[in-house]
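Take a look at the structure below.
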Amino acid sequence: MTSFDVMFYVIGALTLLSAVIMVFSKNIILNAIGLLFTFFGVAGIYVMLGADFIAATQLLIYVGGILVLLLFGVMLSQRITGLEMRTGTLQVVPAAIVCVGIAAILLRIILTTPWPQAKVAAPAPTTSKIGELFMTTYLIPFEIVSVLLLAALVGAAFLGRRDAR
Amino acid sequence: MRELIDTLHAQTFLGALSPTLLTLIFMVLGGLVIALVLALNALVAVYAERKVSAWMQDRVGPMEVGPRGVLQTLADTVKLLIKEDIIPAAANQRLHWFAPFLVFIAPCAAFAALPYARNFVFANFNIGVFYVVSITSLSVIGIMLAGWASNNKWALLGGMRAAAQIVSYEIPAGLAILVVVMQVGSLNFTDICVAQEGGIHRWLIWRYFPFNFIAFGIFYIATLAECNRTPFDLPEAESELVGGFHTEYSGFKWAIFMLSEYAEMLVVALVGASLFLGGWSSPIPGFLNTGAWGVFWLVLKGVFLIFTHMWLRWTLPRFRVDQLMHLSWKVLTPFSFACLLGVGVWILI
């Protein structure tokens, strides 16, 4: 077993374990901590796959942005207003059907995809290629997404200001 | 991570050992070295801060322990380590314990990508700048958890303020960094430092005048805010929030918060020196510009920036929360966009 394999199993175990904690814990803050380590583990797996830019983006967007906002919301509602936020189990049967369906699709994809087995010696830098593709092949989707985000930003600012006026 | 292992493997005489073992040994050793350097940094910086503040206020500062008080912080460290670790009964015990370490991980991890001299960098990866920006955003989660887990209104308010402040100031800081990245055409710290070699006039701060100069100012102010230093120390404003997010911390865990604050100052000072002030290269062409002297120049520039941090802390009063947000969103962010646009147009024409 090489150090690469050791790292892969350590990171994989971390991701799975924290994902399990995130799903099964009843305490919403513990869920968030589980999510933090899941994001970290997934970023680690991205690094092992040679997708360095995606890994750093994962940390910046999900850990530095989304998780902070999530914690912000939970903390504001739970301790300040005294509202107990607990996650419960509702709609067991539909949830189970959806889960089994998704699991079946994922398993089928995993089993039928021909995974490349050869180990690449040193993955090439991806950042400039991603940038080039954004500006050429995927220019229109990229611009549409940025306009969508701008619209969401304007909408959020409008909703945030509505009470003040 | 893999790049770091590869670099160590290829460039040292230990290639004969088992790769797995070697990797693990180097990971532990690298972590220990960084932790030791950060502890030393906090020891020196706390002493320097007390002496600088004393000098600004016409006092003498610590004078009793050792000659001119140089051993004062060592004595304080021993005191902090043997102090009782108080955890409030209503606090969330596990998170209260865990949060300080999460705060400390972020600056520690950032040190892996910083270039100390021409061929001296732990992990010379091609997205080093981006990695440092993203990994340092981790500390805000630790601060929020510390504030929440303490189950104390002051601590919670401090944690909230920290989150809002750090998330807001990440944007102008990131845009100012982007100005540099755009003109060098690389996210690699080594490439950026190489582009600035050859004396003080080659430093990026002087190029595309005045855009880079303004970008450096924005970067400096925004990173000062991300370190929670005065005039941006609202998360721990002692006259409003007792101690902010670390109100309920004592002893060793409180020491970890202090350690992280000074570590973070060192990180932003070294990043600023690498991006705008020439990194490891000497200000005078050909003067002490070989090998390990790079570390000397980088540390000198970093220490100067930290000194200005302290200078500002003991000179300026604290911002109000609305002024803080105003500065970030309505002043620094538009100006950093203008710098980005200005340099972009300049490069094109």
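Labels for the structure tokens follow display order: chains A, B, ..., residues from 1 in each chain, ligands from 1.
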Within 10 Å of stretch 129-142 of chain A using only C-alpha atoms, minus same-chain residues under 5 positions, as number ranges by chain: A: 53-54, 124, 147-148
May I have the selected residues written with all heavy atoms, as a PDB file, in the first residue's frame?
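Dumped everything to again12.pdb:
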```
ATOM      1  N   PHE A  53      -7.940  22.818  -8.577  1.00  0.00           N
ATOM      2  CA  PHE A  53      -8.733  24.054  -8.555  1.00  0.00           C
ATOM      3  C   PHE A  53     -10.114  23.791  -7.957  1.00  0.00           C
ATOM      4  O   PHE A  53     -10.605  24.573  -7.131  1.00  0.00           O
ATOM      5  CB  PHE A  53      -8.866  24.603  -9.977  1.00  0.00           C
ATOM      6  CG  PHE A  53      -9.538  25.933 -10.057  1.00  0.00           C
ATOM      7  CD1 PHE A  53      -8.844  27.087  -9.759  1.00  0.00           C
ATOM      8  CD2 PHE A  53     -10.874  26.023 -10.409  1.00  0.00           C
ATOM      9  CE1 PHE A  53      -9.469  28.310  -9.820  1.00  0.00           C
ATOM     10  CE2 PHE A  53     -11.504  27.251 -10.468  1.00  0.00           C
ATOM     11  CZ  PHE A  53     -10.801  28.398 -10.176  1.00  0.00           C
ATOM     12  N   ILE A  54     -10.714  22.659  -8.352  1.00  0.00           N
ATOM     13  CA  ILE A  54     -12.041  22.318  -7.828  1.00  0.00           C
ATOM     14  C   ILE A  54     -11.958  22.134  -6.311  1.00  0.00           C
ATOM     15  O   ILE A  54     -12.860  22.546  -5.573  1.00  0.00           O
ATOM     16  CB  ILE A  54     -12.560  21.020  -8.478  1.00  0.00           C
ATOM     17  CG1 ILE A  54     -12.509  21.109  -9.981  1.00  0.00           C
ATOM     18  CG2 ILE A  54     -13.963  20.707  -8.015  1.00  0.00           C
ATOM     19  CD1 ILE A  54     -13.577  21.908 -10.603  1.00  0.00           C
ATOM     20  N   ALA A 124      -1.665  17.266 -14.389  1.00  0.00           N
ATOM     21  CA  ALA A 124      -1.323  18.570 -14.944  1.00  0.00           C
ATOM     22  C   ALA A 124      -2.167  19.651 -14.277  1.00  0.00           C
ATOM     23  O   ALA A 124      -3.265  19.383 -13.785  1.00  0.00           O
ATOM     24  CB  ALA A 124      -1.589  18.557 -16.446  1.00  0.00           C
ATOM     25  N   VAL A 147     -25.401  35.761 -14.620  1.00  0.00           N
ATOM     26  CA  VAL A 147     -26.573  36.634 -14.601  1.00  0.00           C
ATOM     27  C   VAL A 147     -27.579  36.141 -13.569  1.00  0.00           C
ATOM     28  O   VAL A 147     -28.166  36.930 -12.815  1.00  0.00           O
ATOM     29  CB  VAL A 147     -27.204  36.708 -16.013  1.00  0.00           C
ATOM     30  CG1 VAL A 147     -28.549  37.387 -15.965  1.00  0.00           C
ATOM     31  CG2 VAL A 147     -26.278  37.452 -16.939  1.00  0.00           C
ATOM     32  N   LEU A 148     -27.735  34.805 -13.499  1.00  0.00           N
ATOM     33  CA  LEU A 148     -28.642  34.220 -12.503  1.00  0.00           C
ATOM     34  C   LEU A 148     -28.214  34.602 -11.088  1.00  0.00           C
ATOM     35  O   LEU A 148     -29.033  35.020 -10.252  1.00  0.00           O
ATOM     36  CB  LEU A 148     -28.645  32.697 -12.667  1.00  0.00           C
ATOM     37  CG  LEU A 148     -29.583  31.938 -11.737  1.00  0.00           C
ATOM     38  CD1 LEU A 148     -31.006  32.124 -12.212  1.00  0.00           C
ATOM     39  CD2 LEU A 148     -29.224  30.470 -11.701  1.00  0.00           C
TER      40      LEU A 148
END
```
Should the cut-off be 7 Å, what would the residue list for chain A against chain B look like, counting only C-alpha atoms, as a PDB file with all heavy atoms, in the first residue's frame?
```pdb
ATOM      1  N   THR A   2       0.694   2.093  -0.973  1.00  0.00           N
ATOM      2  CA  THR A   2       1.499   3.313  -1.024  1.00  0.00           C
ATOM      3  C   THR A   2       0.866   4.391  -0.146  1.00  0.00           C
ATOM      4  O   THR A   2      -0.250   4.233   0.362  1.00  0.00           O
ATOM      5  CB  THR A   2       1.573   3.837  -2.462  1.00  0.00           C
ATOM      6  OG1 THR A   2       0.260   4.193  -2.855  1.00  0.00           O
ATOM      7  CG2 THR A   2       2.107   2.789  -3.408  1.00  0.00           C
ATOM      8  N   SER A   3       1.614   5.475   0.010  1.00  0.00           N
ATOM      9  CA  SER A   3       1.088   6.568   0.834  1.00  0.00           C
ATOM     10  C   SER A   3      -0.164   7.155   0.204  1.00  0.00           C
ATOM     11  O   SER A   3      -1.079   7.613   0.889  1.00  0.00           O
ATOM     12  CB  SER A   3       2.154   7.647   0.976  1.00  0.00           C
ATOM     13  OG  SER A   3       2.504   8.124  -0.296  1.00  0.00           O
ATOM     14  N   PHE A  53      -7.940  22.818  -8.577  1.00  0.00           N
ATOM     15  CA  PHE A  53      -8.733  24.054  -8.555  1.00  0.00           C
ATOM     16  C   PHE A  53     -10.114  23.791  -7.957  1.00  0.00           C
ATOM     17  O   PHE A  53     -10.605  24.573  -7.131  1.00  0.00           O
ATOM     18  CB  PHE A  53      -8.866  24.603  -9.977  1.00  0.00           C
ATOM     19  CG  PHE A  53      -9.538  25.933 -10.057  1.00  0.00           C
ATOM     20  CD1 PHE A  53      -8.844  27.087  -9.759  1.00  0.00           C
ATOM     21  CD2 PHE A  53     -10.874  26.023 -10.409  1.00  0.00           C
ATOM     22  CE1 PHE A  53      -9.469  28.310  -9.820  1.00  0.00           C
ATOM     23  CE2 PHE A  53     -11.504  27.251 -10.468  1.00  0.00           C
ATOM     24  CZ  PHE A  53     -10.801  28.398 -10.176  1.00  0.00           C
ATOM     25  N   ALA A  56      -9.886  23.539  -4.101  1.00  0.00           N
ATOM     26  CA  ALA A  56      -9.800  24.820  -3.396  1.00  0.00           C
ATOM     27  C   ALA A  56     -11.125  25.574  -3.497  1.00  0.00           C
ATOM     28  O   ALA A  56     -11.556  26.224  -2.538  1.00  0.00           O
ATOM     29  CB  ALA A  56      -8.661  25.659  -3.966  1.00  0.00           C
ATOM     30  N   LEU A  59     -13.503  24.266  -0.931  1.00  0.00           N
ATOM     31  CA  LEU A  59     -13.268  24.822   0.406  1.00  0.00           C
ATOM     32  C   LEU A  59     -13.796  26.246   0.486  1.00  0.00           C
ATOM     33  O   LEU A  59     -14.490  26.624   1.440  1.00  0.00           O
ATOM     34  CB  LEU A  59     -11.773  24.827   0.729  1.00  0.00           C
ATOM     35  CG  LEU A  59     -11.167  23.508   1.156  1.00  0.00           C
ATOM     36  CD1 LEU A  59      -9.730  23.739   1.588  1.00  0.00           C
ATOM     37  CD2 LEU A  59     -11.955  22.921   2.289  1.00  0.00           C
ATOM     38  N   LEU A  60     -13.471  27.049  -0.535  1.00  0.00           N
ATOM     39  CA  LEU A  60     -13.805  28.473  -0.480  1.00  0.00           C
ATOM     40  C   LEU A  60     -15.317  28.671  -0.489  1.00  0.00           C
ATOM     41  O   LEU A  60     -15.864  29.425   0.315  1.00  0.00           O
ATOM     42  CB  LEU A  60     -13.173  29.198  -1.666  1.00  0.00           C
ATOM     43  CG  LEU A  60     -13.319  30.711  -1.657  1.00  0.00           C
ATOM     44  CD1 LEU A  60     -12.491  31.284  -0.539  1.00  0.00           C
ATOM     45  CD2 LEU A  60     -12.864  31.300  -2.966  1.00  0.00           C
ATOM     46  N   VAL A  63     -17.180  25.657   2.431  1.00  0.00           N
ATOM     47  CA  VAL A  63     -16.808  25.858   3.837  1.00  0.00           C
ATOM     48  C   VAL A  63     -16.840  27.342   4.186  1.00  0.00           C
ATOM     49  O   VAL A  63     -17.457  27.744   5.172  1.00  0.00           O
ATOM     50  CB  VAL A  63     -15.421  25.251   4.114  1.00  0.00           C
ATOM     51  CG1 VAL A  63     -14.999  25.539   5.526  1.00  0.00           C
ATOM     52  CG2 VAL A  63     -15.448  23.761   3.875  1.00  0.00           C
ATOM     53  N   GLY A  64     -16.191  28.172   3.355  1.00  0.00           N
ATOM     54  CA  GLY A  64     -16.081  29.593   3.686  1.00  0.00           C
ATOM     55  C   GLY A  64     -17.362  30.364   3.431  1.00  0.00           C
ATOM     56  O   GLY A  64     -17.552  31.439   3.994  1.00  0.00           O
ATOM     57  N   VAL A  68     -20.819  28.786   6.534  1.00  0.00           N
ATOM     58  CA  VAL A  68     -20.857  29.937   7.437  1.00  0.00           C
ATOM     59  C   VAL A  68     -22.266  30.515   7.487  1.00  0.00           C
ATOM     60  O   VAL A  68     -22.804  30.793   8.569  1.00  0.00           O
ATOM     61  CB  VAL A  68     -19.832  31.002   6.989  1.00  0.00           C
ATOM     62  CG1 VAL A  68     -20.043  32.295   7.739  1.00  0.00           C
ATOM     63  CG2 VAL A  68     -18.429  30.510   7.209  1.00  0.00           C
ATOM     64  N   MET A  75     -27.583  29.653  14.326  1.00  0.00           N
ATOM     65  CA  MET A  75     -27.256  30.281  15.611  1.00  0.00           C
ATOM     66  C   MET A  75     -28.205  31.411  15.930  1.00  0.00           C
ATOM     67  O   MET A  75     -28.626  31.573  17.068  1.00  0.00           O
ATOM     68  CB  MET A  75     -25.831  30.807  15.565  1.00  0.00           C
ATOM     69  CG  MET A  75     -24.834  29.703  15.620  1.00  0.00           C
ATOM     70  SD  MET A  75     -23.193  30.324  15.457  1.00  0.00           S
ATOM     71  CE  MET A  75     -22.294  28.801  15.503  1.00  0.00           C
ATOM     72  N   PRO A 125      -1.649  20.904 -14.229  1.00  0.00           N
ATOM     73  CA  PRO A 125      -2.433  22.000 -13.668  1.00  0.00           C
ATOM     74  C   PRO A 125      -3.731  22.186 -14.454  1.00  0.00           C
ATOM     75  O   PRO A 125      -3.731  22.128 -15.678  1.00  0.00           O
ATOM     76  CB  PRO A 125      -1.532  23.222 -13.836  1.00  0.00           C
ATOM     77  CG  PRO A 125      -0.196  22.705 -14.111  1.00  0.00           C
ATOM     78  CD  PRO A 125      -0.327  21.334 -14.652  1.00  0.00           C
TER      79      PRO A 125
END
```
For atom CA of B:Ala155 and atom CA of B:Val78, the interatomic separation in Å (one decimal): 25.7 Å
Residues of stretch 21-259 of chain B classed as helix (DSSP H, G or I) by DSSP on the backbone are to be reported as a PyMOL selection string. chain B and resi 21-56+67-69+72-82+93-113+128-149+153-184+189-194+200-202+204-206+211-226+234-236+238-241+244-246+251-259
Neighbour list for B:Phe120 as a short mmCIF file (atom, residue, chain, number, x, y, z; two decimals) with all heavy atoms, in the first residue's frame, cut-off 10 Å, only C-alpha atoms, skip fewer than 4 positions in-chain:
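Saved to part_10.cif:
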```cif
data_model
loop_
_atom_site.label_atom_id
_atom_site.label_comp_id
_atom_site.auth_asym_id
_atom_site.auth_seq_id
_atom_site.Cartn_x
_atom_site.Cartn_y
_atom_site.Cartn_z
N LEU B 114 3.31 28.96 1.46
CA LEU B 114 4.03 30.23 1.34
C LEU B 114 5.47 29.99 0.89
O LEU B 114 6.11 29.03 1.31
CB LEU B 114 4.04 30.96 2.70
CG LEU B 114 2.67 31.44 3.16
CD1 LEU B 114 2.78 32.05 4.54
CD2 LEU B 114 2.12 32.45 2.20
N PRO B 115 6.00 30.85 0.01
CA PRO B 115 7.38 30.69 -0.45
C PRO B 115 8.34 31.44 0.47
O PRO B 115 8.19 32.65 0.68
CB PRO B 115 7.35 31.33 -1.83
CG PRO B 115 6.30 32.38 -1.72
CD PRO B 115 5.34 31.99 -0.64
N TYR B 116 9.32 30.74 1.02
CA TYR B 116 10.23 31.40 1.97
C TYR B 116 11.51 31.84 1.29
O TYR B 116 12.16 32.77 1.72
CB TYR B 116 10.53 30.46 3.13
CG TYR B 116 9.26 30.05 3.83
CD1 TYR B 116 8.65 28.84 3.56
CD2 TYR B 116 8.62 30.92 4.70
CE1 TYR B 116 7.46 28.50 4.16
CE2 TYR B 116 7.43 30.60 5.30
CZ TYR B 116 6.85 29.38 5.01
OH TYR B 116 5.66 29.06 5.59
N ASN B 124 4.89 23.51 -3.41
CA ASN B 124 4.94 24.47 -4.50
C ASN B 124 3.82 24.18 -5.49
O ASN B 124 4.04 23.78 -6.60
CB ASN B 124 6.31 24.38 -5.18
CG ASN B 124 6.48 25.44 -6.23
OD1 ASN B 124 5.74 26.41 -6.25
ND2 ASN B 124 7.43 25.24 -7.11
N THR B 190 5.44 31.12 -6.12
CA THR B 190 6.81 31.18 -6.63
C THR B 190 6.87 32.00 -7.90
O THR B 190 7.76 32.85 -8.06
CB THR B 190 7.33 29.76 -6.86
OG1 THR B 190 7.14 29.01 -5.66
CG2 THR B 190 8.77 29.75 -7.24
N GLY B 291 20.19 32.27 -1.91
CA GLY B 291 19.83 31.20 -0.99
C GLY B 291 18.99 31.63 0.18
O GLY B 291 17.93 32.23 0.01
N ALA B 292 19.51 31.33 1.39
CA ALA B 292 18.72 31.52 2.59
C ALA B 292 18.46 32.98 2.92
O ALA B 292 17.63 33.28 3.77
CB ALA B 292 19.41 30.85 3.77
N GLY B 294 16.84 34.86 1.24
CA GLY B 294 15.45 35.07 0.88
C GLY B 294 14.54 35.03 2.10
O GLY B 294 13.65 35.86 2.25
N VAL B 295 14.82 34.06 3.01
CA VAL B 295 14.02 33.96 4.22
C VAL B 295 14.15 35.24 5.03
O VAL B 295 13.17 35.78 5.55
CB VAL B 295 14.45 32.73 5.05
CG1 VAL B 295 13.58 32.58 6.28
CG2 VAL B 295 14.39 31.48 4.21
#
```
Atom CA of A:Ala55 sits from atom CA of B:Leu102 at a separation of 19.1 Å
Residues within 6 Å of A:Ser18, please, as an MDAnalysis selection string. Count only C-alpha atoms; anything in the same chain fewer than 5 positions from it doesn't count. chainID A and resid 34 37:38
Minimum-distance residue to B:Ser281, chosen among B:Ala263, B:Leu32, B:Val194, B:Leu234 (using only C-alpha atoms):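 Counting only C-alpha atoms, the residue closest to B:Ser281 is B:Val194.
Distance-wise, atom CA of A:Leu76 and atom CA of A:Leu159 end up 18.0 Å apart.
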If we count only C-alpha atoms, what is near B:Leu332 at a cut-off of 10 Å, once residues fewer than 3 positions away on the same chain are taken out, given as a list in words?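 My reading of the contact set: Tyr169, Ile171, Pro172, Ala173, Leu175, Ala176, Ile214, Ala215, Gly217, Ile218, Phe219, Ile221, Ala222, His326, Leu327, Ser328, Trp329, Phe335, Ser336, Phe337 and Ala338 of chain B.
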Among the residues A:Leu36, A:Met48, A:Leu106, A:Ile97, the one that comes closest to A:Val6 [using only C-alpha atoms]: A:Met48
Could you pull out the residues in stretch 2-154 of chain B that DSSP calls strand (DSSP E) from the backbone, as a ChimeraX atom specification? /B:115-117,120-121
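Restricting the calculation to only C-alpha atoms, the smallest distance between B:Asp322 and any of B:Tyr47, B:Leu29, B:Ala106, B:Gln165 is found for B:Gln165.
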Smallest atom-to-atom distance to B:Gly158: which of B:Lys253, B:His246, B:Lys51, B:Arg318, using only C-alpha atoms?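 Nearest to B:Gly158: B:His246.
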Find the residue from B:Met325, B:Val271, B:Val52, B:Met63 that sits nearest to B:Asn188; use only C-alpha atoms when measuring.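 Checking each of B:Met325, B:Val271, B:Val52, B:Met63 against B:Asn188, counting only C-alpha atoms, the winner is B:Val271.
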